[in-house]
>>> print(open('my_file.cif').read())   # mmCIF, C-alpha atoms
data_work
loop_
_atom_site.group_PDB
_atom_site.id
_atom_site.type_symbol
_atom_site.label_atom_id
_atom_site.label_comp_id
_atom_site.auth_asym_id
_atom_site.auth_seq_id
_atom_site.Cartn_x
_atom_site.Cartn_y
_atom_site.Cartn_z
ATOM 1 C CA MET A 174 45.523 222.498 221.519
ATOM 2 C CA THR A 175 47.145 224.024 224.517
ATOM 3 C CA GLN A 176 45.858 225.474 227.741
ATOM 4 C CA GLY A 177 47.401 227.481 230.553
ATOM 5 C CA TYR A 178 46.972 230.487 232.806
ATOM 6 C CA VAL A 179 47.655 234.066 231.795
ATOM 7 C CA SER A 180 50.158 235.602 234.173
ATOM 8 C CA SER A 181 49.152 238.717 236.050
ATOM 9 C CA GLU A 182 52.100 240.521 234.404
ATOM 10 C CA VAL A 183 50.804 239.794 230.903
ATOM 11 C CA PHE A 184 47.236 240.569 231.881
ATOM 12 C CA SER A 185 48.240 243.912 233.446
ATOM 13 C CA LEU A 186 49.665 245.063 230.093
ATOM 14 C CA GLN A 187 46.145 244.986 228.620
ATOM 15 C CA ASN A 188 43.201 247.230 229.476
ATOM 16 C CA ASN A 189 40.862 244.244 229.710
ATOM 17 C CA SER A 190 40.415 240.646 228.600
ATOM 18 C CA SER A 191 38.975 241.729 225.256
ATOM 19 C CA ASP A 192 42.155 243.669 224.470
ATOM 20 C CA LEU A 193 44.214 240.558 225.224
ATOM 21 C CA VAL A 194 42.148 238.424 222.819
ATOM 22 C CA ASN A 195 42.423 241.121 220.134
ATOM 23 C CA SER A 196 46.185 241.476 220.579
ATOM 24 C CA MET A 197 46.580 237.706 220.159
ATOM 25 C CA ALA A 198 44.579 237.836 216.918
ATOM 26 C CA HIS A 199 46.783 240.654 215.666
ATOM 27 C CA ALA A 200 49.985 238.781 216.607
ATOM 28 C CA LEU A 201 48.755 235.720 214.695
ATOM 29 C CA LYS A 202 47.908 237.856 211.647
ATOM 30 C CA GLY A 203 44.317 236.716 211.978
ATOM 31 C CA ALA A 204 40.976 238.298 211.311
ATOM 32 C CA VAL A 205 38.240 237.575 213.836
ATOM 33 C CA VAL A 206 35.378 235.910 211.952
ATOM 34 C CA GLU A 207 33.301 234.794 214.959
ATOM 35 C CA SER A 208 33.320 235.677 218.631
ATOM 36 C CA TYR A 209 31.505 235.009 221.878
ATOM 37 C CA GLY A 210 31.601 236.749 225.208
ATOM 38 C CA ASP A 211 29.897 236.741 228.567
ATOM 39 C CA VAL A 212 30.902 237.850 232.068
ATOM 40 C CA ASN A 213 33.645 235.221 232.509
ATOM 41 C CA THR A 214 34.447 234.017 228.984
ATOM 42 C CA LEU A 215 35.713 235.507 225.735
ATOM 43 C CA SER A 216 36.432 233.465 222.648
ATOM 44 C CA SER A 217 37.218 234.215 219.051
ATOM 45 C CA SER A 218 37.592 232.249 215.851
ATOM 46 C CA LEU A 219 40.258 233.493 213.475
ATOM 47 C CA ALA A 220 40.976 233.213 209.786
ATOM 48 C CA SER A 221 44.704 233.522 209.122
ATOM 49 C CA SER A 222 46.916 232.691 206.172
ATOM 50 C CA GLU A 223 49.610 231.695 208.704
ATOM 51 C CA PHE A 224 47.901 228.317 209.321
ATOM 52 C CA LYS A 225 47.385 225.540 206.777
ATOM 53 C CA SER A 226 44.605 223.563 208.467
ATOM 54 C CA SER A 227 41.088 224.965 208.583
ATOM 55 C CA ILE A 228 37.432 224.087 208.915
ATOM 56 C CA MET A 229 34.316 225.815 207.690
ATOM 57 C CA SER A 230 32.032 227.303 210.323
ATOM 58 C CA GLY A 231 28.949 228.349 208.435
ATOM 59 C CA ASN A 232 30.351 230.402 205.573
ATOM 60 C CA GLN A 233 33.540 231.307 207.440
ATOM 61 C CA LYS A 234 36.939 229.640 207.171
ATOM 62 C CA VAL A 235 38.412 229.122 210.664
ATOM 63 C CA ASN A 236 42.091 228.345 211.299
ATOM 64 C CA LEU A 237 42.404 228.987 215.021
ATOM 65 C CA GLN A 238 40.245 229.514 218.084
ATOM 66 C CA ASN A 239 41.312 231.103 221.325
ATOM 67 C CA ALA A 240 39.352 231.473 224.531
ATOM 68 C CA LEU A 241 39.876 233.210 227.844
ATOM 69 C CA HIS A 242 37.858 231.991 230.795
ATOM 70 C CA GLN A 243 38.002 233.422 234.305
ATOM 71 C CA GLU A 244 37.742 230.711 236.929
ATOM 72 C CA PHE A 245 35.085 231.360 239.532
ATOM 73 C CA ILE A 246 37.002 230.199 242.612
ATOM 74 C CA THR A 247 40.545 231.426 241.862
ATOM 75 C CA GLY A 248 39.745 234.418 239.650
ATOM 76 C CA LEU A 249 42.591 233.369 237.344
ATOM 77 C CA TRP A 250 42.223 233.686 233.586
ATOM 78 C CA ARG A 251 42.778 230.420 231.692
ATOM 79 C CA LEU A 252 43.793 230.650 228.032
ATOM 80 C CA THR A 253 42.919 227.860 225.604
ATOM 81 C CA VAL A 254 44.143 227.844 222.001
ATOM 82 C CA GLY A 255 43.291 225.270 219.351
ATOM 83 C CA THR A 256 43.932 224.880 215.670
ATOM 84 C CA PRO A 257 41.845 224.760 213.706
ATOM 85 C CA ILE A 258 39.341 224.793 216.624
ATOM 86 C CA ILE A 259 39.109 224.088 220.339
ATOM 87 C CA THR A 260 37.684 220.624 220.976
ATOM 88 C CA MET A 261 37.862 220.546 224.782
ATOM 89 C CA GLU A 262 36.270 222.462 227.610
ATOM 90 C CA TYR A 263 37.610 225.932 228.237
#
>>> encode(input="my_file.cif", output="C-alpha coordinates")
Amino acid sequence: MTQGYVSSEVFSLQNNSSDLVNSMAHALKGAVVESYGDVNTLSSSLASSEFKSSIMSGNQKVNLQNALHQEFITGLWRLTVGTPIITMEY
(Lines of atoms letter the chains of each structure in order from A and count residues from 1; the text may use other names and numbers.)
(Lines give C-alpha, C1' and ligand atoms only; values in the text may rest on other atoms or scores of the structure.)
Protein backbone atom coordinates (compact mmCIF):
# COMPACT_ATOMS: atom_id res chain seq x y z
CA MET A 1 0.00 0.00 0.00
CA THR A 2 0.99 3.57 -0.48
CA GLN A 3 -0.56 6.87 0.44
CA GLY A 4 0.14 10.48 -0.46
CA TYR A 5 -1.41 13.74 -1.56
CA VAL A 6 -2.47 14.55 -5.10
CA SER A 7 -0.74 17.71 -6.25
CA SER A 8 -2.88 20.61 -7.37
CA GLU A 9 -1.18 20.40 -10.79
CA VAL A 10 -2.28 16.80 -11.30
CA PHE A 11 -5.73 17.48 -9.93
CA SER A 12 -6.21 20.50 -12.22
CA LEU A 13 -5.70 18.27 -15.28
CA GLN A 14 -8.92 16.41 -14.41
CA ASN A 15 -12.48 17.74 -14.49
CA ASN A 16 -13.22 16.26 -11.07
CA SER A 17 -12.10 13.60 -8.61
CA SER A 18 -14.12 10.93 -10.39
CA ASP A 19 -12.21 11.57 -13.61
CA LEU A 20 -8.93 11.15 -11.73
CA VAL A 21 -10.00 7.77 -10.31
CA ASN A 22 -11.16 6.65 -13.77
CA SER A 23 -7.93 7.76 -15.44
CA MET A 24 -5.93 5.76 -12.88
CA ALA A 25 -8.02 2.66 -13.64
CA HIS A 26 -7.40 3.15 -17.34
CA ALA A 27 -3.64 3.61 -16.82
CA LEU A 28 -3.52 0.38 -14.81
CA LYS A 29 -5.45 -1.48 -17.52
CA GLY A 30 -8.13 -2.23 -14.95
CA ALA A 31 -11.86 -2.61 -15.07
CA VAL A 32 -13.79 -1.11 -12.17
CA VAL A 33 -15.74 -3.95 -10.53
CA GLU A 34 -16.87 -2.10 -7.38
CA SER A 35 -16.97 1.54 -6.36
CA TYR A 36 -18.05 3.83 -3.56
CA GLY A 37 -18.49 7.56 -3.40
CA ASP A 38 -19.75 10.27 -1.11
CA VAL A 39 -19.08 14.00 -0.77
CA ASN A 40 -15.43 13.62 0.31
CA THR A 41 -14.45 10.09 -0.74
CA LEU A 42 -14.23 8.08 -3.95
CA SER A 43 -12.91 4.55 -4.11
CA SER A 44 -12.81 1.83 -6.70
CA SER A 45 -11.84 -1.82 -6.82
CA LEU A 46 -10.20 -2.96 -10.03
CA ALA A 47 -9.71 -6.23 -11.83
CA SER A 48 -6.57 -6.12 -13.97
CA SER A 49 -4.45 -8.77 -15.64
CA GLU A 50 -1.42 -6.58 -14.84
CA PHE A 51 -1.39 -7.80 -11.20
CA LYS A 52 -0.81 -11.36 -10.01
CA SER A 53 -2.28 -11.17 -6.51
CA SER A 54 -6.03 -10.96 -6.04
CA ILE A 55 -8.88 -11.61 -3.65
CA MET A 56 -12.52 -12.38 -4.23
CA SER A 57 -15.02 -9.73 -3.18
CA GLY A 58 -18.38 -11.38 -3.56
CA ASN A 59 -18.26 -12.78 -7.08
CA GLN A 60 -15.68 -10.26 -8.27
CA LYS A 61 -11.92 -10.73 -8.56
CA VAL A 62 -10.11 -7.67 -7.16
CA ASN A 63 -6.44 -6.91 -7.83
CA LEU A 64 -6.16 -3.29 -6.73
CA GLN A 65 -8.09 -0.67 -4.79
CA ASN A 66 -7.60 3.05 -4.97
CA ALA A 67 -9.27 5.75 -2.93
CA LEU A 68 -9.33 9.53 -2.96
CA HIS A 69 -10.36 11.29 0.22
CA GLN A 70 -10.61 15.05 0.68
CA GLU A 71 -9.44 16.11 4.12
CA PHE A 72 -11.90 18.30 5.96
CA ILE A 73 -9.44 20.78 7.47
CA THR A 74 -6.88 21.20 4.66
CA GLY A 75 -9.09 20.46 1.65
CA LEU A 76 -6.26 18.38 0.18
CA TRP A 77 -7.01 15.16 -1.66
CA ARG A 78 -5.21 12.11 -0.24
CA LEU A 79 -4.68 9.13 -2.56
CA THR A 80 -4.40 5.61 -1.15
CA VAL A 81 -3.57 2.61 -3.33
CA GLY A 82 -3.39 -1.00 -2.21
CA THR A 83 -2.92 -4.33 -3.89
CA PRO A 84 -4.88 -6.42 -3.82
CA ILE A 85 -6.91 -4.21 -1.42
CA ILE A 86 -6.52 -1.28 0.95
CA THR A 87 -6.20 -2.48 4.54
CA MET A 88 -5.72 0.87 6.30
CA GLU A 89 -7.78 3.98 6.81
CA TYR A 90 -8.08 6.29 3.84
>>> resolve_selection(input="my_file.cif", expression="the PyMOL selection byres ((chain A and resi 174) around 9)", output="PyMOL selection string")
chain A and resi 175-176+253-261
>>> closest_residue(input="my_file.cif", among="A:Phe224, A:Tyr178, A:Tyr209, A:Tyr263", to="Leu237 in chain A", atoms="only C-alpha atoms")
A:Phe224
>>> residues_near_point(input="my_file.cif", point="(34.3, 234.8, 209.9)", cutoff="7 Å", atoms="all atoms listed in the file", output="NGL selection string")
:A and (205-207 or 220 or 233-234)
>>> closest_residue(input="my_file.cif", among="A:Asn213, A:Thr247, A:Asn239, A:Ser181", to="Val194 in chain A", atoms="all atoms listed in the file")
A:Asn239
>>> residues_around(input="my_file.cif", residues="Val179 in chain A", least_positions_apart="5", cutoff="7 Å", atoms="all atoms listed in the file", output="mmCIF file with C-alpha atoms, keeping the file's coordinate frame")
data_model
loop_
_atom_site.group_PDB
_atom_site.id
_atom_site.type_symbol
_atom_site.label_atom_id
_atom_site.label_comp_id
_atom_site.auth_asym_id
_atom_site.auth_seq_id
_atom_site.Cartn_x
_atom_site.Cartn_y
_atom_site.Cartn_z
ATOM 1 C CA PHE A 184 47.236 240.569 231.881
ATOM 2 C CA TRP A 250 42.223 233.686 233.586
ATOM 3 C CA ARG A 251 42.778 230.420 231.692
ATOM 4 C CA LEU A 252 43.793 230.650 228.032
#
>>> resolve_selection(input="my_file.cif", expression="the PyMOL selection byres ((chain A and resi 223) around 10)", output="PDB file with C-alpha atoms, in the coordinates of the input")
ATOM      1  CA  LEU A 201      48.755 235.720 214.695  1.00  0.00           C
ATOM      2  CA  LYS A 202      47.908 237.856 211.647  1.00  0.00           C
ATOM      3  CA  GLY A 203      44.317 236.716 211.978  1.00  0.00           C
ATOM      4  CA  ALA A 220      40.976 233.213 209.786  1.00  0.00           C
ATOM      5  CA  SER A 221      44.704 233.522 209.122  1.00  0.00           C
ATOM      6  CA  SER A 222      46.916 232.691 206.172  1.00  0.00           C
ATOM      7  CA  PHE A 224      47.901 228.317 209.321  1.00  0.00           C
ATOM      8  CA  LYS A 225      47.385 225.540 206.777  1.00  0.00           C
ATOM      9  CA  SER A 226      44.605 223.563 208.467  1.00  0.00           C
ATOM     10  CA  ASN A 236      42.091 228.345 211.299  1.00  0.00           C
ATOM     11  CA  LEU A 237      42.404 228.987 215.021  1.00  0.00           C
TER      12      LEU A 237
END
>>> atom_distance(input="my_file.cif", atom1="CA of Ser191 in chain A", atom2="CA of Asp211 in chain A")
10.9 Å
>>> atom_distance(input="my_file.cif", atom1="CA of Ile228 in chain A", atom2="CA of Gly177 in chain A")
24.1 Å
>>> residues_near_point(input="my_file.cif", point="(34.1, 232.9, 232.9)", cutoff="7 Å", atoms="all atoms listed in the file", output="list in words")
Val212, Asn213, Thr214, His242, Gln243, Glu244 and Phe245 of chain A
>>> atom_distance(input="my_file.cif", atom1="CA of Leu193 in chain A", atom2="CA of Glu262 in chain A")
19.9 Å
>>> closest_residue(input="my_file.cif", among="A:Ser230, A:Ser180, A:Ser185, A:Ser190", to="Leu215 in chain A", atoms="only C-alpha atoms")
A:Ser190
